[in-house]
Amino acid sequence: MLGFSLSMWMQGIKVPLFVGSNLLHCCIVGGSGSGKSTWLLYFIYQIRKSIPCEFVICDFKRSGEFTGITNHYAEYEICIDEIRLFYEEFSEAPDGGNGITRILIIDEIAGLLNHLNMTKEGKKEADEIRMIMSSILMLGRSRKRFLILSMQRYSASVFPASSGSADNFMISVGLGKLSVDGRRGLFAGEHFEGEEDITFGMGKGLLLRDGYELCGLQVPRLDKQKLLFILQSMNR
Ligand SMILES: Nc1ncnc2c1ncn2[C@@H]1O[C@H](COP(=O)(O)OP(=O)(O)O)[C@@H](O)[C@H]1O
Ligand SMILES: [Mg+2]
C-alpha cells in the first residue's frame, strides 16, 4: 500500500492505494520536509511485510534516517561502492529472479550526482551510476531487481531526457508543492478532476502508478522514529 486516495480522504473516507509487488521501480520527488523519507520508510515496511526481499540503502546526505534497516547500507561517497555491488549481483541474477526481490534505494540521488560532478574523476563515477540505474530500470523487473530514488527536484541531471529510462518508473510520487518543471518531468501533462481544490503539503501529493490515472495521495500520519525502530527490529 502506498497511502490513501487524497480526494476520498478529504471526504472522510479512507481508500487505500495499492501497487503490485513486481511494479516497484519508484521515483519520489518533494521539497525538503515534504515527507519523502517518512514515506520511504513506510514503503519499505509495506514491501517487507508482503514479499521476501532485501534492501540496499544509500543515504548520500548522511541523514541517519535509514540506519540499521539493512546490512547493505552506505552513506556519502561510499554509496558508489554499494551501488556497484548491487549492480554486480543484478548482472548475474537469472531471468525470473532467484526468489528474493532486491531493491536499491538511493535517497537524495541528485545530491549524490551533483557532488560527484564537481571533479573529473567524479564525473566518470556519476556516468557509471546513471548507466547502472538505467540498466536496472530497463531490465530489473524480470529479475526482480528494483530501483527507488528520492530527490528534492526532478532534474534532468539524473536521467538525460533522451535516455527514456525514466519512463520505466512504475510508481511516481510527488509530495508537497511541486514546481511547474518538476511536475512536468514527473507527470507530463496529466491532471485529475478536483485537483485545483487541493492544498498540497507535507504528506499530501500526487501519485502515478502503472495502469492507473494520476491521483491525489494522502500519506497517513506516521512517526518516523517509530517506523525506523520497527524496521530495525525486523532486520534482527
Ligand atoms: N506522514 C507523516 N505523518 C506525520 N508527520 C510527518 C509525515 N511525513 C513527514 N512528517 C513530518 O515532517 C518531517 C519531515 O519529513 P521527512 O520525511 O524527513 O521529509 P523529507 O525527507 O522530504 O525532507 C518529519 O520529521 C515529520 O515530523
Ligand atoms: Mg529526507
# chains A, B, ... in the order shown; residues from 1 in each chain; ligands from 1
$ residues_near_ligand --ligand "ligand 1" --cutoff "6 Å" --atoms "only C-alpha atoms and all ligand atoms" --output "VMD selection string"
chain A and resid 30 to 38 202 to 203 219 to 223
$ write_last_selection --atoms "N, CA and C atoms" --output "PDB file, in the first residue's frame"
ATOM      1  N   GLY A  30      10.083  15.708  -3.902  1.00  0.00           N
ATOM      2  CA  GLY A  30       9.411  16.658  -2.998  1.00  0.00           C
ATOM      3  C   GLY A  30      10.451  17.527  -2.306  1.00  0.00           C
ATOM      4  N   GLY A  31      10.069  18.719  -1.987  1.00  0.00           N
ATOM      5  CA  GLY A  31      10.979  19.640  -1.309  1.00  0.00           C
ATOM      6  C   GLY A  31      11.378  19.093   0.053  1.00  0.00           C
ATOM      7  N   SER A  32      12.369  19.727   0.643  1.00  0.00           N
ATOM      8  CA  SER A  32      12.823  19.334   1.969  1.00  0.00           C
ATOM      9  C   SER A  32      11.659  19.482   2.954  1.00  0.00           C
ATOM     10  N   GLY A  33      11.416  18.437   3.745  1.00  0.00           N
ATOM     11  CA  GLY A  33      10.333  18.497   4.723  1.00  0.00           C
ATOM     12  C   GLY A  33       8.970  18.081   4.189  1.00  0.00           C
ATOM     13  N   SER A  34       8.911  17.666   2.911  1.00  0.00           N
ATOM     14  CA  SER A  34       7.608  17.284   2.343  1.00  0.00           C
ATOM     15  C   SER A  34       7.183  15.887   2.770  1.00  0.00           C
ATOM     16  N   GLY A  35       8.104  15.134   3.383  1.00  0.00           N
ATOM     17  CA  GLY A  35       7.744  13.805   3.875  1.00  0.00           C
ATOM     18  C   GLY A  35       8.291  12.647   3.061  1.00  0.00           C
ATOM     19  N   LYS A  36       9.301  12.901   2.234  1.00  0.00           N
ATOM     20  CA  LYS A  36       9.873  11.839   1.397  1.00  0.00           C
ATOM     21  C   LYS A  36      10.441  10.692   2.225  1.00  0.00           C
ATOM     22  N   SER A  37      11.299  11.027   3.170  1.00  0.00           N
ATOM     23  CA  SER A  37      11.961   9.963   3.944  1.00  0.00           C
ATOM     24  C   SER A  37      10.943   9.172   4.758  1.00  0.00           C
ATOM     25  N   THR A  38       9.975   9.864   5.316  1.00  0.00           N
ATOM     26  CA  THR A  38       8.942   9.191   6.095  1.00  0.00           C
ATOM     27  C   THR A  38       8.167   8.226   5.200  1.00  0.00           C
ATOM     28  N   MET A 202       2.952  18.720   3.417  1.00  0.00           N
ATOM     29  CA  MET A 202       3.609  17.543   3.982  1.00  0.00           C
ATOM     30  C   MET A 202       2.676  16.327   3.965  1.00  0.00           C
ATOM     31  N   GLY A 203       3.144  15.245   3.348  1.00  0.00           N
ATOM     32  CA  GLY A 203       2.342  14.020   3.304  1.00  0.00           C
ATOM     33  C   GLY A 203       1.159  14.050   2.355  1.00  0.00           C
ATOM     34  N   VAL A 219      -0.635  10.522   2.578  1.00  0.00           N
ATOM     35  CA  VAL A 219       0.159   9.612   3.409  1.00  0.00           C
ATOM     36  C   VAL A 219      -0.455   9.648   4.813  1.00  0.00           C
ATOM     37  N   PRO A 220      -0.661   8.492   5.432  1.00  0.00           N
ATOM     38  CA  PRO A 220      -1.234   8.528   6.786  1.00  0.00           C
ATOM     39  C   PRO A 220      -0.269   9.188   7.770  1.00  0.00           C
ATOM     40  N   ARG A 221      -0.784   9.536   8.923  1.00  0.00           N
ATOM     41  CA  ARG A 221       0.038  10.129   9.968  1.00  0.00           C
ATOM     42  C   ARG A 221       1.033   9.090  10.472  1.00  0.00           C
ATOM     43  N   LEU A 222       2.304   9.398  10.398  1.00  0.00           N
ATOM     44  CA  LEU A 222       3.323   8.417  10.763  1.00  0.00           C
ATOM     45  C   LEU A 222       4.362   9.040  11.677  1.00  0.00           C
ATOM     46  N   ASP A 223       4.940   8.196  12.511  1.00  0.00           N
ATOM     47  CA  ASP A 223       6.043   8.625  13.367  1.00  0.00           C
ATOM     48  C   ASP A 223       7.330   8.028  12.794  1.00  0.00           C
TER      49      ASP A 223
END
$ residues_around --residues "stretch 74-90 of chain A" --least-positions-apart "3" --cutoff "9 Å" --atoms "only C-alpha atoms" --output "PyMOL selection string"
chain A and resi 56-64+93-94+102-104+106+112+115-116+125-126+128-129+132-133+135-136+140+143+145
$ select_by_dssp --residues "stretch 41-104 of chain A" --states "helix (DSSP H, G or I)" --output "PyMOL selection string"
chain A and resi 41-50+76-92
$ write_last_selection --atoms "C-alpha atoms" --output "short mmCIF file (atom, residue, chain, number, x, y, z; two decimals), in the first residue's frame"
data_model
loop_
_atom_site.label_atom_id
_atom_site.label_comp_id
_atom_site.auth_asym_id
_atom_site.auth_seq_id
_atom_site.Cartn_x
_atom_site.Cartn_y
_atom_site.Cartn_z
CA LEU A 41 10.25 4.14 5.49
CA TYR A 42 6.55 3.40 5.20
CA PHE A 43 7.01 1.96 1.71
CA ILE A 44 9.94 -0.20 2.87
CA TYR A 45 7.77 -1.51 5.68
CA GLN A 46 4.91 -2.33 3.31
CA ILE A 47 7.20 -4.19 0.90
CA ARG A 48 8.95 -6.09 3.69
CA LYS A 49 5.64 -7.24 5.09
CA SER A 50 4.44 -8.62 1.77
CA TYR A 76 28.14 9.79 1.42
CA GLU A 77 30.68 8.77 -1.26
CA ILE A 78 30.71 5.15 -0.08
CA CYS A 79 27.28 4.91 -1.76
CA ILE A 80 29.10 4.30 -5.04
CA ASP A 81 30.56 1.03 -3.73
CA GLU A 82 27.17 -0.21 -2.57
CA ILE A 83 25.61 0.72 -5.93
CA ARG A 84 28.37 -1.21 -7.75
CA LEU A 85 27.83 -4.26 -5.54
CA PHE A 86 24.11 -4.15 -6.24
CA TYR A 87 24.82 -3.97 -9.96
CA GLU A 88 27.23 -6.92 -9.86
CA GLU A 89 24.59 -9.09 -8.21
CA PHE A 90 21.97 -7.75 -10.61
CA SER A 91 24.12 -8.63 -13.63
CA GLU A 92 24.34 -12.24 -12.52
#
$ closest_residue --among "A:Met170, A:Leu23, A:Leu175, A:Leu137" --to "ligand 2" --atoms "only C-alpha atoms and all ligand atoms"
A:Leu175
$ residues_around --residues "A:Arg183" --least-positions-apart "5" --cutoff "8 Å" --atoms "only C-alpha atoms" --output "PDB file with N, CA and C atoms, in the first residue's frame"
ATOM      1  N   TYR A 154      12.819  17.121  -9.491  1.00  0.00           N
ATOM      2  CA  TYR A 154      13.032  16.214 -10.613  1.00  0.00           C
ATOM      3  C   TYR A 154      13.977  16.909 -11.570  1.00  0.00           C
ATOM      4  N   GLY A 174       4.905  12.573  -6.057  1.00  0.00           N
ATOM      5  CA  GLY A 174       5.324  13.959  -5.861  1.00  0.00           C
ATOM      6  C   GLY A 174       4.688  14.457  -4.583  1.00  0.00           C
ATOM      7  N   LEU A 178       4.799  21.040  -5.927  1.00  0.00           N
ATOM      8  CA  LEU A 178       5.835  20.806  -6.935  1.00  0.00           C
ATOM      9  C   LEU A 178       5.970  22.029  -7.833  1.00  0.00           C
ATOM     10  N   ALA A 188       4.254  14.498 -16.700  1.00  0.00           N
ATOM     11  CA  ALA A 188       3.957  15.055 -18.021  1.00  0.00           C
ATOM     12  C   ALA A 188       2.810  16.057 -17.882  1.00  0.00           C
TER      13      ALA A 188
END
$ select_by_dssp --residues "stretch 57-210 of chain A" --states "strand (DSSP E)" --output "PyMOL selection string"
chain A and resi 57-59+72-75+101-107+145-151+171-175+204-209
$ write_last_selection --atoms "N, CA and C atoms" --output "JSON list (two decimals), in the first residue's frame"
[["chain", "number", "residue", "atom", "x", "y", "z"],
["A", 57, "ILE", "N", 20.51, 0.25, 0.85],
["A", 57, "ILE", "CA", 20.13, 1.65, 1.06],
["A", 57, "ILE", "C", 21.34, 2.58, 1.00],
["A", 58, "CYS", "N", 21.23, 3.60, 0.17],
["A", 58, "CYS", "CA", 22.27, 4.62, 0.04],
["A", 58, "CYS", "C", 21.73, 5.94, 0.55],
["A", 59, "ASP", "N", 22.32, 6.43, 1.62],
["A", 59, "ASP", "CA", 21.89, 7.68, 2.24],
["A", 59, "ASP", "C", 22.99, 8.70, 2.02],
["A", 72, "HIS", "N", 23.06, -3.92, 4.12],
["A", 72, "HIS", "CA", 23.65, -3.34, 2.91],
["A", 72, "HIS", "C", 23.33, -1.85, 2.92],
["A", 73, "TYR", "N", 24.24, -1.08, 3.48],
["A", 73, "TYR", "CA", 23.94, 0.32, 3.75],
["A", 73, "TYR", "C", 25.19, 1.16, 3.55],
["A", 74, "ALA", "N", 25.03, 2.33, 2.97],
["A", 74, "ALA", "CA", 26.18, 3.22, 2.81],
["A", 74, "ALA", "C", 25.75, 4.67, 2.88],
["A", 75, "GLU", "N", 26.71, 5.52, 3.27],
["A", 75, "GLU", "CA", 26.47, 6.96, 3.32],
["A", 75, "GLU", "C", 27.53, 7.67, 2.48],
["A", 101, "THR", "N", 13.44, -10.66, -3.85],
["A", 101, "THR", "CA", 13.42, -9.38, -4.54],
["A", 101, "THR", "C", 14.47, -8.48, -3.92],
["A", 102, "ARG", "N", 15.33, -7.88, -4.75],
["A", 102, "ARG", "CA", 16.34, -6.95, -4.21],
["A", 102, "ARG", "C", 16.02, -5.54, -4.68],
["A", 103, "ILE", "N", 16.11, -4.62, -3.76],
["A", 103, "ILE", "CA", 15.70, -3.25, -4.05],
["A", 103, "ILE", "C", 16.79, -2.26, -3.63],
["A", 104, "LEU", "N", 17.23, -1.48, -4.60],
["A", 104, "LEU", "CA", 18.23, -0.45, -4.34],
["A", 104, "LEU", "C", 17.54, 0.88, -4.11],
["A", 105, "ILE", "N", 17.77, 1.47, -2.94],
["A", 105, "ILE", "CA", 17.19, 2.77, -2.62],
["A", 105, "ILE", "C", 18.30, 3.80, -2.54],
["A", 106, "ILE", "N", 18.17, 4.86, -3.31],
["A", 106, "ILE", "CA", 19.14, 5.95, -3.22],
["A", 106, "ILE", "C", 18.39, 7.22, -2.79],
["A", 107, "ASP", "N", 18.61, 7.61, -1.55],
["A", 107, "ASP", "CA", 17.97, 8.82, -1.04],
["A", 107, "ASP", "C", 18.80, 10.03, -1.49],
["A", 145, "ARG", "N", 14.64, -7.11, -9.57],
["A", 145, "ARG", "CA", 15.60, -6.15, -9.02],
["A", 145, "ARG", "C", 15.04, -4.76, -9.33],
["A", 146, "PHE", "N", 14.91, -3.94, -8.30],
["A", 146, "PHE", "CA", 14.22, -2.66, -8.48],
["A", 146, "PHE", "C", 15.02, -1.48, -7.94],
["A", 147, "LEU", "N", 14.63, -0.31, -8.43],
["A", 147, "LEU", "CA", 15.31, 0.93, -8.05],
["A", 147, "LEU", "C", 14.30, 1.93, -7.48],
["A", 148, "ILE", "N", 14.62, 2.46, -6.32],
["A", 148, "ILE", "CA", 13.79, 3.51, -5.72],
["A", 148, "ILE", "C", 14.66, 4.74, -5.48],
["A", 149, "LEU", "N", 14.25, 5.86, -6.06],
["A", 149, "LEU", "CA", 15.04, 7.09, -5.95],
["A", 149, "LEU", "C", 14.24, 8.17, -5.27],
["A", 150, "SER", "N", 14.91, 8.96, -4.43],
["A", 150, "SER", "CA", 14.25, 10.15, -3.91],
["A", 150, "SER", "C", 15.09, 11.37, -4.27],
["A", 151, "MET", "N", 14.42, 12.47, -4.54],
["A", 151, "MET", "CA", 15.13, 13.71, -4.87],
["A", 151, "MET", "C", 14.26, 14.91, -4.56],
["A", 171, "ILE", "N", 6.09, 3.67, -10.39],
["A", 171, "ILE", "CA", 5.43, 4.50, -9.38],
["A", 171, "ILE", "C", 6.13, 5.85, -9.35],
["A", 172, "SER", "N", 5.38, 6.92, -9.52],
["A", 172, "SER", "CA", 5.94, 8.26, -9.35],
["A", 172, "SER", "C", 5.14, 8.96, -8.27],
["A", 173, "VAL", "N", 5.87, 9.49, -7.29],
["A", 173, "VAL", "CA", 5.22, 10.18, -6.19],
["A", 173, "VAL", "C", 5.78, 11.60, -6.13],
["A", 174, "GLY", "N", 4.91, 12.57, -6.06],
["A", 174, "GLY", "CA", 5.32, 13.96, -5.86],
["A", 174, "GLY", "C", 4.69, 14.46, -4.58],
["A", 175, "LEU", "N", 5.48, 14.77, -3.59],
["A", 175, "LEU", "CA", 4.92, 15.21, -2.30],
["A", 175, "LEU", "C", 5.05, 16.72, -2.13],
["A", 204, "LYS", "N", 1.06, 15.12, 1.59],
["A", 204, "LYS", "CA", -0.03, 15.23, 0.60],
["A", 204, "LYS", "C", 0.59, 15.49, -0.76],
["A", 205, "GLY", "N", 0.21, 14.68, -1.76],
["A", 205, "GLY", "CA", 0.82, 14.88, -3.06],
["A", 205, "GLY", "C", 0.10, 14.16, -4.16],
["A", 206, "LEU", "N", 0.88, 13.81, -5.18],
["A", 206, "LEU", "CA", 0.33, 13.18, -6.37],
["A", 206, "LEU", "C", 0.96, 11.82, -6.55],
["A", 207, "LEU", "N", 0.20, 10.91, -7.14],
["A", 207, "LEU", "CA", 0.69, 9.56, -7.38],
["A", 207, "LEU", "C", 0.30, 9.10, -8.77],
["A", 208, "LEU", "N", 1.30, 8.59, -9.48],
["A", 208, "LEU", "CA", 1.04, 7.97, -10.77],
["A", 208, "LEU", "C", 1.57, 6.55, -10.72],
["A", 209, "ARG", "N", 0.69, 5.58, -10.96],
["A", 209, "ARG", "CA", 1.08, 4.17, -10.96],
["A", 209, "ARG", "C", 0.84, 3.57, -12.33]]
$ residues_around --residues "stretch 189-192 of chain A" --least-positions-apart "4" --cutoff "7 Å" --atoms "only C-alpha atoms" --output "PyMOL selection string"
chain A and resi 184+214-215
$ atom_distance --atom1 "atom CA of A:Trp9" --atom2 "atom CA of A:Gly216"
9.5 Å
$ closest_residue --among "A:Asp167, A:Ala110, A:Ser134, A:Glu65" --to "ligand 2" --atoms "only C-alpha atoms and all ligand atoms"
A:Glu65
$ atom_distance --atom1 "atom CA of A:Glu108" --atom2 "atom CA of A:Thr70"
18.0 Å
$ closest_residue --among "A:Ile109, A:Leu217, A:Leu24, A:Met131" --to "ligand 2" --atoms "only C-alpha atoms and all ligand atoms"
A:Ile109
$ closest_residue --among "A:Ser157, A:Ser233, A:Gln152, A:Asn168" --to "ligand 2" --atoms "only C-alpha atoms and all ligand atoms"
A:Gln152
$ closest_residue --among "A:Leu2, A:Leu17, A:Leu40, A:Ile230" --to "ligand 2" --atoms "only C-alpha atoms and all ligand atoms"
A:Leu40
$ atom_distance --atom1 "atom CA of A:Gly3" --atom2 "atom CA of A:Phe229"
20.1 Å
